[in-house]
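*Asks:* input-v4.cif is the file, holding mmCIF, C-alpha atoms, pLDDT in the B column; chains and numbers go by the auth columns:
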data_protein
loop_
_atom_site.group_PDB
_atom_site.id
_atom_site.type_symbol
_atom_site.label_atom_id
_atom_site.label_comp_id
_atom_site.label_asym_id
_atom_site.label_seq_id
_atom_site.Cartn_x
_atom_site.Cartn_y
_atom_site.Cartn_z
_atom_site.B_iso_or_equiv
_atom_site.auth_seq_id
_atom_site.auth_asym_id
ATOM 1 C CA MET A 1 5.722 14.028 -3.820 54.00 578 I
ATOM 2 C CA GLN A 2 3.543 14.970 -6.802 66.00 579 I
ATOM 3 C CA ILE A 3 1.847 12.165 -8.766 67.00 580 I
ATOM 4 C CA SER A 4 0.373 12.756 -12.223 75.00 581 I
ATOM 5 C CA GLY A 5 -3.190 11.842 -13.125 80.00 582 I
ATOM 6 C CA SER A 6 -2.206 8.880 -15.285 84.00 583 I
ATOM 7 C CA ARG A 7 -0.112 7.432 -12.460 80.00 584 I
ATOM 8 C CA VAL A 8 -3.006 7.809 -10.043 80.00 585 I
ATOM 9 C CA ALA A 9 -5.287 5.972 -12.491 88.00 586 I
ATOM 10 C CA ALA A 10 -2.702 3.207 -12.915 87.00 587 I
ATOM 11 C CA LEU A 11 -2.309 2.959 -9.134 85.00 588 I
ATOM 12 C CA VAL A 12 -6.076 2.625 -8.664 88.00 589 I
ATOM 13 C CA MET A 13 -6.257 -0.065 -11.358 92.00 590 I
ATOM 14 C CA PHE A 14 -3.318 -1.895 -9.762 90.00 591 I
ATOM 15 C CA ASP A 15 -5.114 -1.761 -6.410 91.00 592 I
ATOM 16 C CA LEU A 16 -8.342 -3.130 -7.864 93.00 593 I
ATOM 17 C CA VAL A 17 -6.532 -5.967 -9.628 94.00 594 I
ATOM 18 C CA ILE A 18 -4.622 -6.953 -6.471 94.00 595 I
ATOM 19 C CA PHE A 19 -7.857 -6.813 -4.443 95.00 596 I
ATOM 20 C CA GLY A 20 -9.692 -8.961 -7.000 96.00 597 I
ATOM 21 C CA ILE A 21 -6.944 -11.563 -7.167 96.00 598 I
ATOM 22 C CA ALA A 22 -6.688 -11.805 -3.378 95.00 599 I
ATOM 23 C CA ALA A 23 -10.462 -12.066 -2.959 96.00 600 I
ATOM 24 C CA PHE A 24 -10.772 -14.678 -5.711 97.00 601 I
ATOM 25 C CA LEU A 25 -8.009 -16.840 -4.259 96.00 602 I
ATOM 26 C CA MET A 26 -9.426 -16.655 -0.748 95.00 603 I
ATOM 27 C CA LEU A 27 -12.935 -17.515 -1.965 95.00 604 I
ATOM 28 C CA GLN A 28 -11.526 -20.577 -3.743 95.00 605 I
ATOM 29 C CA TRP A 29 -9.507 -21.776 -0.737 94.00 606 I
ATOM 30 C CA MET A 30 -12.092 -21.219 2.011 92.00 607 I
ATOM 31 C CA PRO A 31 -14.093 -24.345 2.918 91.00 608 I
ATOM 32 C CA LYS A 32 -17.714 -24.468 1.800 91.00 609 I
ATOM 33 C CA PRO A 33 -20.429 -23.670 2.987 93.00 610 I
ATOM 34 C CA MET A 34 -19.395 -20.150 3.872 91.00 611 I
ATOM 35 C CA LYS A 35 -20.984 -17.952 6.507 94.00 612 I
ATOM 36 C CA PRO A 36 -21.287 -14.139 6.376 94.00 613 I
ATOM 37 C CA VAL A 37 -18.280 -13.869 8.699 95.00 614 I
ATOM 38 C CA ASP A 38 -16.195 -15.744 6.128 94.00 615 I
ATOM 39 C CA TYR A 39 -17.055 -13.167 3.462 95.00 616 I
ATOM 40 C CA LEU A 40 -16.104 -10.412 5.897 96.00 617 I
ATOM 41 C CA LEU A 41 -12.762 -12.114 6.469 95.00 618 I
ATOM 42 C CA VAL A 42 -12.168 -12.366 2.711 95.00 619 I
ATOM 43 C CA GLY A 43 -12.874 -8.648 2.297 95.00 620 I
ATOM 44 C CA VAL A 44 -10.655 -7.615 5.201 96.00 621 I
ATOM 45 C CA VAL A 45 -7.676 -9.713 4.110 96.00 622 I
ATOM 46 C CA SER A 46 -8.055 -8.648 0.464 96.00 623 I
ATOM 47 C CA THR A 47 -8.142 -4.993 1.494 95.00 624 I
ATOM 48 C CA LEU A 48 -5.005 -5.387 3.606 96.00 625 I
ATOM 49 C CA VAL A 49 -3.174 -7.170 0.781 95.00 626 I
ATOM 50 C CA SER A 50 -4.128 -4.504 -1.764 94.00 627 I
ATOM 51 C CA LEU A 51 -3.112 -1.655 0.546 92.00 628 I
ATOM 52 C CA LEU A 52 0.199 -3.363 1.244 93.00 629 I
ATOM 53 C CA GLY A 53 0.765 -3.699 -2.511 90.00 630 I
ATOM 54 C CA VAL A 54 0.060 -0.005 -3.097 87.00 631 I
ATOM 55 C CA TRP A 55 2.278 1.011 -0.179 86.00 632 I
ATOM 56 C CA LEU A 56 5.179 -1.086 -1.489 86.00 633 I
ATOM 57 C CA LEU A 57 4.716 0.293 -5.004 82.00 634 I
ATOM 58 C CA LEU A 58 4.739 3.868 -3.733 78.00 635 I
ATOM 59 C CA LEU A 59 7.857 3.204 -1.668 78.00 636 I
ATOM 60 C CA ARG A 60 9.588 1.694 -4.675 78.00 637 I
ATOM 61 C CA GLU A 61 8.664 4.603 -6.949 72.00 638 I
ATOM 62 C CA SER A 62 9.617 7.277 -4.427 69.00 639 I
ATOM 63 C CA PRO A 63 12.418 9.472 -5.785 66.00 640 I
ATOM 64 C CA ASN A 64 13.965 10.048 -2.350 64.00 641 I
ATOM 65 C CA ARG A 65 13.585 6.754 -0.512 60.00 642 I
ATOM 66 C CA SER A 66 15.420 7.854 2.594 61.00 643 I
ATOM 67 C CA GLU A 67 12.799 10.493 3.470 59.00 644 I
ATOM 68 C CA VAL A 68 9.585 8.551 2.843 56.00 645 I
ATOM 69 C CA LEU A 69 8.591 7.846 6.428 60.00 646 I
ATOM 70 C CA TYR A 70 10.253 10.836 8.061 63.00 647 I
ATOM 71 C CA LYS A 71 12.023 13.971 6.974 65.00 648 I
ATOM 72 C CA LYS A 72 15.653 14.347 7.918 67.00 649 I
ATOM 73 C CA ARG A 73 16.356 17.669 9.547 69.00 650 I
ATOM 74 C CA MET A 74 19.652 19.359 10.025 71.00 651 I
ATOM 75 C CA ARG A 75 21.017 19.360 13.561 72.00 652 I
ATOM 76 C CA LYS A 76 22.039 22.616 15.122 71.00 653 I
ATOM 77 C CA LEU A 77 25.174 22.621 17.254 71.00 654 I
ATOM 78 C CA ASP A 78 26.115 25.895 18.933 66.00 655 I
ATOM 79 C CA GLY A 79 24.567 28.093 16.272 61.00 656 I
ATOM 80 C CA GLU A 80 25.977 26.241 13.253 62.00 657 I
ATOM 81 C CA GLU A 81 24.080 23.758 11.134 58.00 658 I
ATOM 82 C CA VAL A 82 25.462 20.254 10.773 57.00 659 I
ATOM 83 C CA GLU A 83 23.966 17.534 8.596 57.00 660 I
#
Any chance you could put this one into structure tokens?
*Replies:*
Amino acid sequence: MQISGSRVAALVMFDLVIFGIAAFLMLQWMPKPMKPVDYLLVGVVSTLVSLLGVWLLLLRESPNRSEVLYKKRMRKLDGEEVE
């Protein structure tokens, strides 16, 4: 799957926006005062949310959705190829 440069830039911007939104919302909802572990938790969860968003976007934009996670191979039965 070949992705053009403009799509890569848009994907990176999408990832940064999703990360920022997730981090902002978690920082607003976490109880104050926050410890360093709380900031680590915010970063970890925001990273997971942004990666999930990118993964779902790539799956949606994939031209051949059936072969995203694995490639279908033709079976061979007694010397002849069967799909």
*Asks:* Find the residues around Val631 in chain I up to 12 Å (all atoms listed in the file counted), leave out those fewer than 6 positions away in its own chain, and share them as number ranges by chain.
*Replies:* I: 584-585, 587-596, 624-625, 637-638
*Asks:* Between I:Ser581, I:Pro610, I:Leu635, I:Met603, which one has atoms that come closest to Ser623 in chain I, using all atoms listed in the file?
*Replies:*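 Of the candidates, the smallest distance to Ser623 in chain I is held by I:Met603.
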*Asks:* Which residue, I:Trp606, I:Leu634, I:Ala600, I:Arg652, has the smallest gap to Val619 in chain I when you use all atoms listed in the file?
*Replies:*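 Answer, going by the shortest atom-to-atom distance: I:Ala600.
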*Asks:* To one decimal in Å, tell me the separation between CA of Val626 in chain I and CA of Val614 in chain I.
*Replies:*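 Pair CA of Val626 in chain I / CA of Val614 in chain I returns 18.3 Å.
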*Asks:* If I take CA of Ala599 in chain I and CA of Val622 in chain I, how far is one from the other in Å, to one decimal?
*Replies:* 7.8 Å
*Asks:* Anything within 10 Å of (-14.1, -18.6, 2.4): list those residues as number ranges by chain, counting only C-alpha atoms and sticking to the file's coordinates.
*Replies:* I: 600-619
*Asks:* Edge lengths and centre, in Å to one decimal, as AutoDock Vina command-line options: that's what I need for the box along x, y and z that holds all listed atoms of range 629-639 of chain I plus 6 Å on each side.
*Replies:*
--center_x 4.8 --center_y 1.8 --center_z -2.9 --size_x 21.6 --size_y 23.0 --size_z 20.2
